[in-house]
>>> print(open('model-v2.cif').read())   # mmCIF, C-alpha atoms
data_model
#
loop_
_atom_site.label_atom_id
_atom_site.label_comp_id
_atom_site.auth_asym_id
_atom_site.auth_seq_id
_atom_site.Cartn_x
_atom_site.Cartn_y
_atom_site.Cartn_z
CA MET A 24 -2.66 -31.41 -43.07
CA THR A 25 -5.86 -30.60 -41.21
CA ASP A 26 -6.78 -34.27 -41.28
CA GLN A 27 -3.45 -35.20 -39.80
CA LEU A 28 -3.84 -32.71 -36.98
CA SER A 29 -7.32 -34.00 -36.21
CA LYS A 30 -5.88 -37.50 -36.04
CA VAL A 31 -3.16 -36.26 -33.70
CA PHE A 32 -5.72 -34.76 -31.35
CA SER A 33 -7.95 -37.83 -31.30
CA ALA A 34 -4.91 -40.11 -30.88
CA LEU A 35 -3.92 -38.05 -27.84
CA ALA A 36 -7.44 -38.07 -26.41
CA ASP A 37 -6.62 -41.44 -24.81
CA PRO A 38 -4.72 -41.34 -21.48
CA THR A 39 -2.71 -44.53 -22.16
CA ARG A 40 -1.54 -43.22 -25.52
CA ARG A 41 -0.60 -39.87 -23.97
CA ASP A 42 1.39 -41.77 -21.40
CA MET A 43 3.14 -43.77 -24.10
CA VAL A 44 3.97 -40.57 -25.96
CA ALA A 45 5.40 -39.05 -22.78
CA ARG A 46 7.53 -42.16 -22.34
CA LEU A 47 8.74 -41.96 -25.97
CA ALA A 48 9.69 -38.30 -25.55
CA VAL A 49 12.53 -39.60 -23.36
CA GLY A 50 13.77 -42.02 -26.01
CA ASP A 51 12.87 -44.84 -28.41
CA ALA A 52 11.39 -47.99 -26.87
CA THR A 53 10.23 -51.44 -27.94
CA VAL A 54 6.63 -52.60 -27.66
CA GLY A 55 7.61 -54.77 -24.68
CA GLU A 56 9.24 -51.83 -22.90
CA LEU A 57 6.18 -49.69 -23.55
CA ALA A 58 3.83 -52.36 -22.23
CA ALA A 59 5.82 -52.94 -19.03
CA PRO A 60 4.27 -50.18 -16.84
CA TYR A 61 0.68 -51.08 -17.77
CA ASN A 62 -1.51 -53.97 -16.81
CA VAL A 63 -2.41 -54.64 -20.45
CA SER A 64 -1.51 -57.19 -23.11
CA LEU A 65 1.12 -56.60 -25.79
CA GLN A 66 -1.77 -56.77 -28.23
CA ALA A 67 -3.53 -53.84 -26.56
CA VAL A 68 -0.30 -51.84 -26.65
CA SER A 69 0.14 -52.69 -30.33
CA LYS A 70 -3.37 -51.39 -31.00
CA HIS A 71 -2.55 -48.08 -29.29
CA LEU A 72 0.68 -47.88 -31.27
CA LYS A 73 -1.21 -48.35 -34.52
CA VAL A 74 -3.39 -45.33 -33.71
CA LEU A 75 -0.32 -43.24 -32.88
CA GLU A 76 1.36 -44.45 -36.07
CA GLN A 77 -1.65 -43.55 -38.22
CA ALA A 78 -1.64 -40.07 -36.70
CA GLY A 79 2.01 -39.75 -37.73
CA LEU A 80 3.06 -39.34 -34.11
CA VAL A 81 5.32 -42.38 -34.05
CA THR A 82 7.26 -44.54 -36.51
CA ARG A 83 8.63 -48.05 -36.15
CA GLY A 84 12.29 -48.94 -36.64
CA ARG A 85 13.37 -51.45 -39.24
CA GLU A 86 15.35 -53.82 -37.01
CA ALA A 87 13.51 -57.11 -37.49
CA GLN A 88 13.18 -58.20 -33.88
CA ARG A 89 13.13 -55.00 -31.82
CA ARG A 90 11.38 -52.59 -34.19
CA PRO A 91 11.83 -49.70 -31.71
CA VAL A 92 9.10 -47.07 -31.60
CA HIS A 93 10.24 -43.52 -32.35
CA LEU A 94 8.38 -40.29 -31.56
CA GLU A 95 8.05 -37.83 -34.47
CA ALA A 96 8.75 -34.52 -32.77
CA GLU A 97 7.82 -32.36 -35.81
CA VAL A 98 4.18 -33.38 -35.50
CA PHE A 99 4.23 -31.97 -31.98
CA ASP A 100 5.74 -28.76 -33.27
CA LEU A 101 2.79 -28.40 -35.66
CA MET A 102 0.39 -28.70 -32.76
CA THR A 103 2.34 -26.13 -30.79
CA LYS A 104 2.09 -23.70 -33.71
CA TRP A 105 -1.61 -24.32 -33.86
CA ILE A 106 -2.09 -23.43 -30.20
CA GLU A 107 0.20 -20.43 -30.56
CA ARG A 108 -1.97 -19.00 -33.35
CA TYR A 109 -5.06 -19.40 -31.19
CA ARG A 110 -3.22 -17.69 -28.34
CA ARG A 111 -2.19 -14.80 -30.58
CA GLN A 112 -5.79 -14.37 -31.68
CA ALA A 113 -6.85 -14.16 -28.02
CA GLU A 114 -4.04 -11.68 -27.38
CA GLU A 115 -5.24 -9.45 -30.25
CA ARG A 116 -8.72 -9.53 -28.75
CA TYR A 117 -7.41 -8.59 -25.32
CA GLN A 118 -5.35 -5.74 -26.72
CA ARG A 119 -8.60 -4.32 -28.05
CA LEU A 120 -10.07 -4.86 -24.58
CA ASP A 121 -7.08 -2.96 -23.11
CA ALA A 122 -8.06 0.02 -25.26
CA VAL A 123 -11.72 -0.21 -24.20
CA LEU A 124 -10.69 -0.38 -20.54
CA ALA A 125 -8.34 2.59 -20.94
CA ALA A 126 -11.22 4.62 -22.39
CA MET A 127 -13.43 3.51 -19.47
CA ASN A 128 -10.73 4.59 -17.03
CA GLN A 129 -10.71 8.03 -18.64
CA SER A 130 -14.45 8.51 -18.69
CA ASP A 131 -14.66 7.24 -15.08
CA THR A 132 -12.11 9.92 -14.15
CA THR A 133 -13.83 12.69 -16.11
CA THR A 134 -17.18 11.93 -14.50
CA GLU A 135 -15.48 12.23 -11.11
CA ASN A 136 -13.55 15.36 -12.10
CA PRO A 137 -16.35 17.94 -12.37
CA ARG A 138 -17.25 17.21 -8.76
CA SER A 139 -13.69 17.64 -7.50
CA THR A 140 -13.25 20.77 -9.62
CA ALA A 141 -16.44 22.15 -8.17
CA GLN A 142 -15.21 21.36 -4.67
CA GLU A 143 -11.89 23.07 -5.36
CA GLU A 144 -13.74 26.13 -6.66
CA THR A 145 -15.90 26.24 -3.55
CA ALA A 146 -12.80 25.86 -1.40
CA SER A 147 -11.01 28.74 -3.10
CA MET B 21 3.46 -11.28 -8.35
CA THR B 22 4.42 -11.72 -11.99
CA THR B 23 2.38 -9.81 -14.52
CA ILE B 24 0.81 -11.73 -17.39
CA THR B 25 0.91 -8.94 -19.95
CA GLU B 26 0.51 -11.32 -22.90
CA ALA B 27 -2.29 -13.87 -22.99
CA ALA B 28 -1.08 -17.22 -21.65
CA ILE B 29 -2.75 -20.36 -23.02
CA GLU B 30 -2.96 -23.94 -21.88
CA ALA B 31 -4.58 -26.86 -23.73
CA ASP B 32 -5.25 -29.46 -21.06
CA PRO B 33 -4.04 -32.96 -22.06
CA ILE B 34 -6.57 -34.85 -19.90
CA VAL B 35 -9.83 -32.96 -20.52
CA PRO B 36 -10.85 -30.96 -23.63
CA ILE B 37 -10.24 -27.61 -21.98
CA ILE B 38 -8.55 -24.44 -23.20
CA ARG B 39 -7.42 -22.04 -20.47
CA ILE B 40 -6.40 -18.45 -21.12
CA THR B 41 -5.03 -16.04 -18.53
CA ARG B 42 -4.41 -12.33 -19.05
CA ASP B 43 -3.83 -9.27 -16.83
CA PHE B 44 -5.53 -5.90 -17.36
CA ALA B 45 -4.80 -2.41 -16.09
CA ALA B 46 -8.36 -1.97 -14.83
CA THR B 47 -10.46 -2.87 -11.82
CA PRO B 48 -12.42 -6.17 -11.78
CA GLU B 49 -15.59 -4.06 -11.95
CA GLN B 50 -14.40 -2.47 -15.22
CA VAL B 51 -13.36 -5.79 -16.78
CA PHE B 52 -16.73 -7.21 -15.72
CA ARG B 53 -18.54 -4.28 -17.35
CA ALA B 54 -16.53 -4.73 -20.57
CA HIS B 55 -17.84 -8.32 -20.69
CA THR B 56 -21.47 -7.64 -19.80
CA ASP B 57 -22.27 -4.22 -21.33
CA PRO B 58 -23.06 -5.02 -24.99
CA ALA B 59 -21.91 -1.59 -26.24
CA LEU B 60 -18.49 -2.20 -24.69
CA PHE B 61 -18.32 -5.91 -25.52
CA THR B 62 -18.77 -5.42 -29.27
CA GLN B 63 -15.84 -3.00 -29.34
CA TRP B 64 -13.28 -5.67 -28.58
CA VAL B 65 -14.67 -9.19 -29.02
CA GLY B 66 -13.48 -9.59 -32.62
CA PRO B 67 -12.14 -11.60 -34.41
CA ASN B 68 -9.81 -9.12 -36.08
CA GLY B 69 -11.47 -7.28 -38.97
CA MET B 70 -14.93 -8.52 -38.03
CA VAL B 71 -17.85 -6.33 -36.96
CA THR B 72 -19.97 -7.71 -34.14
CA THR B 73 -23.70 -7.00 -33.97
CA ILE B 74 -25.72 -7.95 -30.90
CA ASP B 75 -29.05 -9.58 -31.70
CA HIS B 76 -30.02 -10.36 -28.14
CA TRP B 77 -28.28 -9.69 -24.82
CA ASP B 78 -29.52 -10.34 -21.30
CA ALA B 79 -26.46 -10.48 -19.04
CA ARG B 80 -28.15 -11.87 -15.93
CA SER B 81 -28.06 -15.33 -14.31
CA GLY B 82 -30.45 -17.37 -16.44
CA GLY B 83 -30.32 -14.87 -19.32
CA SER B 84 -29.12 -15.51 -22.87
CA TRP B 85 -27.25 -13.85 -25.73
CA ARG B 86 -26.73 -14.00 -29.48
CA TYR B 87 -24.44 -12.02 -31.71
CA THR B 88 -23.33 -12.03 -35.30
CA ALA B 89 -19.83 -11.32 -36.55
CA GLN B 90 -19.39 -10.24 -40.14
CA HIS B 91 -16.67 -8.98 -42.40
CA GLY B 92 -17.11 -5.28 -43.19
CA ASP B 93 -20.63 -4.69 -44.54
CA GLY B 94 -21.22 -8.43 -44.90
CA SER B 95 -21.31 -8.26 -48.70
CA ASP B 96 -18.80 -11.12 -48.98
CA GLY B 97 -21.24 -13.40 -47.16
CA MET B 98 -18.76 -14.06 -44.33
CA GLN B 99 -21.10 -14.06 -41.38
CA PHE B 100 -21.03 -16.14 -38.22
CA ALA B 101 -23.68 -16.27 -35.54
CA PHE B 102 -22.92 -17.31 -31.97
CA ARG B 103 -25.27 -17.84 -29.09
CA GLY B 104 -25.44 -19.13 -25.55
CA CYS B 105 -26.93 -18.76 -22.10
CA PHE B 106 -25.64 -16.81 -19.16
CA HIS B 107 -25.74 -19.51 -16.52
CA GLU B 108 -24.39 -17.26 -13.79
CA VAL B 109 -23.42 -13.60 -13.86
CA ARG B 110 -21.61 -12.37 -10.78
CA THR B 111 -19.17 -9.46 -10.49
CA ASP B 112 -16.25 -11.87 -10.02
CA ARG B 113 -17.46 -14.73 -12.22
CA ILE B 114 -19.39 -15.35 -15.44
CA VAL B 115 -20.46 -18.87 -16.44
CA GLN B 116 -22.00 -19.24 -19.88
CA THR B 117 -22.58 -21.67 -22.70
CA PHE B 118 -21.12 -20.85 -26.09
CA THR B 119 -21.96 -22.27 -29.48
CA TRP B 120 -21.34 -21.36 -33.10
CA GLU B 121 -24.63 -21.81 -34.94
CA GLY B 122 -22.78 -23.49 -37.81
CA GLN B 123 -22.06 -26.38 -35.39
CA PRO B 124 -25.02 -26.21 -32.99
CA ASP B 125 -24.30 -29.60 -31.39
CA ARG B 126 -20.91 -28.45 -30.18
CA VAL B 127 -21.64 -26.49 -27.04
CA ALA B 128 -18.80 -25.24 -24.89
CA LEU B 129 -19.04 -24.21 -21.25
CA GLU B 130 -17.08 -21.05 -20.48
CA THR B 131 -16.10 -19.93 -17.01
CA LEU B 132 -14.59 -16.49 -16.59
CA SER B 133 -13.16 -15.48 -13.23
CA LEU B 134 -11.89 -12.07 -12.29
CA GLU B 135 -9.05 -12.02 -9.80
CA ASP B 136 -8.45 -8.67 -8.11
CA LEU B 137 -4.69 -8.00 -8.12
CA GLY B 138 -5.10 -4.67 -6.30
CA ASP B 139 -3.85 -1.26 -7.52
CA GLY B 140 -6.51 -1.24 -10.24
CA ARG B 141 -5.26 -4.44 -11.85
CA THR B 142 -7.20 -7.58 -12.67
CA ARG B 143 -6.27 -11.07 -13.76
CA LEU B 144 -8.82 -12.68 -16.06
CA HIS B 145 -9.03 -16.49 -16.16
CA VAL B 146 -11.06 -17.98 -19.01
CA GLN B 147 -11.73 -21.70 -19.11
CA SER B 148 -13.51 -23.22 -22.11
CA LEU B 149 -14.66 -26.79 -21.66
CA CYS B 150 -15.50 -28.26 -25.08
CA ASP B 151 -17.70 -31.32 -25.46
CA SER B 152 -14.98 -33.46 -27.03
CA PHE B 153 -11.33 -33.34 -28.02
CA GLU B 154 -12.49 -33.14 -31.66
CA ASP B 155 -14.48 -30.05 -30.79
CA ARG B 156 -11.56 -28.39 -29.02
CA ASP B 157 -9.45 -29.38 -31.98
CA ALA B 158 -11.89 -27.58 -34.29
CA TRP B 159 -11.75 -24.42 -32.16
CA LEU B 160 -7.99 -24.37 -32.11
CA ARG B 161 -7.95 -24.97 -35.84
CA SER B 162 -10.37 -22.10 -36.44
CA GLY B 163 -7.87 -19.94 -34.56
CA MET B 164 -5.19 -21.09 -36.90
CA GLU B 165 -7.20 -20.39 -40.01
CA VAL B 166 -8.00 -16.85 -38.93
CA GLY B 167 -4.44 -16.35 -37.75
CA VAL B 168 -3.03 -17.58 -41.03
CA ASN B 169 -5.38 -15.32 -42.99
CA ASP B 170 -4.47 -12.31 -40.86
CA GLY B 171 -0.81 -13.21 -41.26
CA TYR B 172 -1.12 -13.38 -45.03
CA ALA B 173 -3.03 -10.11 -45.12
CA LYS B 174 -0.19 -8.44 -43.25
CA LEU B 175 2.37 -10.05 -45.52
CA ASP B 176 0.44 -8.81 -48.58
CA GLU B 177 0.49 -5.33 -47.12
CA LEU B 178 4.22 -5.42 -46.52
CA LEU B 179 4.82 -6.77 -50.01
CA ALA B 180 2.62 -4.06 -51.50
CA ARG B 181 4.59 -1.39 -49.67
CA GLY B 182 7.82 -2.88 -50.95
CA ARG B 183 9.07 -3.58 -47.43
CA ILE B 184 10.14 -7.14 -48.27
#
>>> encode(input="model-v2.cif", output="structure tokens")
Amino acid sequence: MTDQLSKVFSALADPTRRDMVARLAVGDATVGELAAPYNVSLQAVSKHLKVLEQAGLVTRGREAQRRPVHLEAEVFDLMTKWIERYRRQAEERYQRLDAVLAAMNQSDTTTENPRSTAQEETAS
Amino acid sequence: MTTITEAAIEADPIVPIIRITRDFAATPEQVFRAHTDPALFTQWVGPNGMVTTIDHWDARSGGSWRYTAQHGDGSDGMQFAFRGCFHEVRTDRIVQTFTWEGQPDRVALETLSLEDLGDGRTRLHVQSLCDSFEDRDAWLRSGMEVGVNDGYAKLDELLARGRI
């Protein structure tokens, strides 16, 4: 599982592959359709597809000629979960910081208080 | 302005960056102090269930730091040391390097900015630039591992109490 996620991240480290994935999020496409927007050979696109396929991000259809490329959305969901856990860990940390800041607020007020109390006493 | 009460995260698709944004009910000066005063910092830095001990701390531009996080009294051998340099320490901005000594070649550059929202509120922006996507990947994964462990610990607790 961890290996797969590492592969997903390195597969997505390339801007062309990220672009292809974005394109596939809209719908399945053939290699030719995927190559169209780029100034690269079909071979280069096939190479990129192989990396995405090995990462489990895309699969190829069975139709002999077209073999449309399909995006595997569940793999993305895994990545989202991953990031969400990291976020939750940061949130836990910041909730502890909230408590520290609240205590600072209080001690900042108490250090100011004796002075104001003294002033009030002098005034009365 | 909307309040970001829960930490918001963004993993940049183009560069190996993690960005976290969070609002606090405190002045920028207080949030700054909670990041630079070691006695305050160790109270919240975590991770959950870990005790942080400062080995070295010089929160000035050009200074450096090192701390160790361990589980309880450290008898289980779970101990992690982190270190880095304070590149710049300013009341509205802290730039520092960050590395886990277990992976010393993976050095991240962290930039913290404190945005004054007025009325004693502060928005903290944390940007961590990792040295590769693989490195960022490893950090995010470490978050998952800890998160999963915490999650299981809580589940165990609920099971033990007969709540489930």
>>> closest_residue(input="model-v2.cif", among="A:Leu75, A:Leu124, A:Ala59, A:Ala34", to="B:Glu49", atoms="all atoms listed in the file")
A:Leu124
>>> resolve_selection(input="model-v2.cif", expression="the PyMOL selection byres ((chain A) within 7 of (chain B))", output="count of residues only")
18
>>> residues_around(input="model-v2.cif", residues="stretch 98-115 of chain B", least_positions_apart="2", cutoff="8 Å", atoms="all atoms listed in the file", output="ChimeraX atom specification")
/B:48-49,52,78-91,94-96,117-122,129-135
>>> write_last_selection(input="model-v2.cif", atoms="C-alpha atoms", output="JSON list (two decimals), keeping the file's coordinate frame")
[["chain", "number", "residue", "atom", "x", "y", "z"],
["B", 48, "PRO", "CA", -12.42, -6.17, -11.78],
["B", 49, "GLU", "CA", -15.59, -4.06, -11.95],
["B", 52, "PHE", "CA", -16.73, -7.21, -15.72],
["B", 78, "ASP", "CA", -29.52, -10.34, -21.30],
["B", 79, "ALA", "CA", -26.46, -10.48, -19.04],
["B", 80, "ARG", "CA", -28.15, -11.87, -15.93],
["B", 81, "SER", "CA", -28.06, -15.33, -14.31],
["B", 82, "GLY", "CA", -30.45, -17.37, -16.44],
["B", 83, "GLY", "CA", -30.32, -14.87, -19.32],
["B", 84, "SER", "CA", -29.12, -15.51, -22.87],
["B", 85, "TRP", "CA", -27.25, -13.85, -25.73],
["B", 86, "ARG", "CA", -26.73, -14.00, -29.48],
["B", 87, "TYR", "CA", -24.44, -12.02, -31.71],
["B", 88, "THR", "CA", -23.33, -12.03, -35.30],
["B", 89, "ALA", "CA", -19.83, -11.32, -36.55],
["B", 90, "GLN", "CA", -19.39, -10.24, -40.14],
["B", 91, "HIS", "CA", -16.67, -8.98, -42.40],
["B", 94, "GLY", "CA", -21.22, -8.43, -44.90],
["B", 95, "SER", "CA", -21.31, -8.26, -48.70],
["B", 96, "ASP", "CA", -18.80, -11.12, -48.98],
["B", 117, "THR", "CA", -22.58, -21.67, -22.70],
["B", 118, "PHE", "CA", -21.12, -20.85, -26.09],
["B", 119, "THR", "CA", -21.96, -22.27, -29.48],
["B", 120, "TRP", "CA", -21.34, -21.36, -33.10],
["B", 121, "GLU", "CA", -24.63, -21.81, -34.94],
["B", 122, "GLY", "CA", -22.78, -23.49, -37.81],
["B", 129, "LEU", "CA", -19.04, -24.21, -21.25],
["B", 130, "GLU", "CA", -17.08, -21.05, -20.48],
["B", 131, "THR", "CA", -16.10, -19.93, -17.01],
["B", 132, "LEU", "CA", -14.59, -16.49, -16.59],
["B", 133, "SER", "CA", -13.16, -15.48, -13.23],
["B", 134, "LEU", "CA", -11.89, -12.07, -12.29],
["B", 135, "GLU", "CA", -9.05, -12.02, -9.80]]
>>> closest_residue(input="model-v2.cif", among="A:Glu86, A:Val49, A:Glu107, A:Val54", to="A:Gln66", atoms="all atoms listed in the file")
A:Val54
>>> atom_distance(input="model-v2.cif", atom1="atom CA of A:Arg85", atom2="atom CA of A:Lys73")
15.6 Å
>>> atom_distance(input="model-v2.cif", atom1="atom CA of B:Ser148", atom2="atom CA of A:Glu95")
28.8 Å
>>> atom_distance(input="model-v2.cif", atom1="atom CA of B:Trp77", atom2="atom CA of A:Thr132")
27.6 Å
>>> axis_aligned_box(input="model-v2.cif", around="stretch 132-147 of chain B", padding_each_side="6 Å", output="AutoDock Vina command-line options")
--center_x -9.2 --center_y -11.5 --center_z -12.7 --size_x 22.7 --size_y 32.5 --size_z 24.8
>>> closest_residue(input="model-v2.cif", among="A:Glu97, A:Glu115, A:Glu56, A:Asp51", to="A:Gly84", atoms="all atoms listed in the file")
A:Asp51
>>> build_atoms(input="model-v2.cif", residues="stretch 67-94 of chain A", atoms="N, CA and C atoms", output="compact mmCIF listing (two decimals), in the coordinates of the input")
# COMPACT_ATOMS: atom_id res chain seq x y z
N ALA A 67 -2.86 -55.12 -26.84
CA ALA A 67 -3.53 -53.84 -26.56
C ALA A 67 -2.56 -52.69 -26.83
N VAL A 68 -1.31 -52.87 -26.42
CA VAL A 68 -0.30 -51.84 -26.65
C VAL A 68 -0.07 -51.65 -28.15
N SER A 69 -0.04 -52.77 -28.88
CA SER A 69 0.14 -52.69 -30.33
C SER A 69 -1.00 -51.91 -30.99
N LYS A 70 -2.21 -52.10 -30.47
CA LYS A 70 -3.37 -51.39 -31.00
C LYS A 70 -3.19 -49.87 -30.80
N HIS A 71 -2.79 -49.50 -29.59
CA HIS A 71 -2.55 -48.08 -29.29
C HIS A 71 -1.48 -47.52 -30.22
N LEU A 72 -0.43 -48.33 -30.42
CA LEU A 72 0.68 -47.88 -31.27
C LEU A 72 0.21 -47.64 -32.70
N LYS A 73 -0.69 -48.49 -33.16
CA LYS A 73 -1.21 -48.35 -34.52
C LYS A 73 -1.91 -47.00 -34.68
N VAL A 74 -2.69 -46.62 -33.66
CA VAL A 74 -3.39 -45.33 -33.71
C VAL A 74 -2.38 -44.18 -33.76
N LEU A 75 -1.35 -44.29 -32.92
CA LEU A 75 -0.32 -43.24 -32.88
C LEU A 75 0.44 -43.19 -34.21
N GLU A 76 0.64 -44.37 -34.80
CA GLU A 76 1.36 -44.45 -36.07
C GLU A 76 0.54 -43.81 -37.19
N GLN A 77 -0.77 -44.10 -37.18
CA GLN A 77 -1.65 -43.55 -38.22
C GLN A 77 -1.75 -42.03 -38.11
N ALA A 78 -1.60 -41.52 -36.90
CA ALA A 78 -1.64 -40.07 -36.70
C ALA A 78 -0.30 -39.43 -37.07
N GLY A 79 0.68 -40.27 -37.37
CA GLY A 79 2.01 -39.75 -37.73
C GLY A 79 2.84 -39.36 -36.52
N LEU A 80 2.35 -39.72 -35.34
CA LEU A 80 3.06 -39.34 -34.11
C LEU A 80 4.28 -40.22 -33.86
N VAL A 81 4.19 -41.49 -34.26
CA VAL A 81 5.32 -42.38 -34.05
C VAL A 81 5.63 -43.17 -35.32
N THR A 82 6.87 -43.64 -35.42
CA THR A 82 7.26 -44.54 -36.51
C THR A 82 7.94 -45.74 -35.88
N ARG A 83 8.00 -46.84 -36.64
CA ARG A 83 8.63 -48.05 -36.15
C ARG A 83 9.96 -48.26 -36.85
N GLY A 84 10.97 -48.67 -36.06
CA GLY A 84 12.29 -48.94 -36.64
C GLY A 84 12.27 -50.17 -37.52
N ARG A 85 13.34 -50.35 -38.28
CA ARG A 85 13.37 -51.45 -39.24
C ARG A 85 13.98 -52.73 -38.69
N GLU A 86 14.71 -52.63 -37.56
CA GLU A 86 15.35 -53.82 -37.01
C GLU A 86 14.31 -54.91 -36.80
N ALA A 87 14.52 -56.05 -37.43
CA ALA A 87 13.51 -57.11 -37.49
C ALA A 87 12.90 -57.46 -36.15
N GLN A 88 13.71 -57.73 -35.15
CA GLN A 88 13.18 -58.20 -33.88
C GLN A 88 12.65 -57.06 -33.01
N ARG A 89 13.48 -56.05 -32.79
CA ARG A 89 13.13 -55.00 -31.82
C ARG A 89 12.08 -54.02 -32.35
N ARG A 90 12.25 -53.61 -33.58
CA ARG A 90 11.38 -52.59 -34.19
C ARG A 90 11.06 -51.47 -33.18
N PRO A 91 12.08 -50.74 -32.72
CA PRO A 91 11.83 -49.70 -31.71
C PRO A 91 10.86 -48.63 -32.20
N VAL A 92 10.07 -48.10 -31.28
CA VAL A 92 9.10 -47.07 -31.60
C VAL A 92 9.77 -45.71 -31.40
N HIS A 93 9.58 -44.83 -32.38
CA HIS A 93 10.24 -43.52 -32.35
C HIS A 93 9.19 -42.40 -32.43
N LEU A 94 9.34 -41.41 -31.58
CA LEU A 94 8.38 -40.29 -31.56
C LEU A 94 8.77 -39.26 -32.62
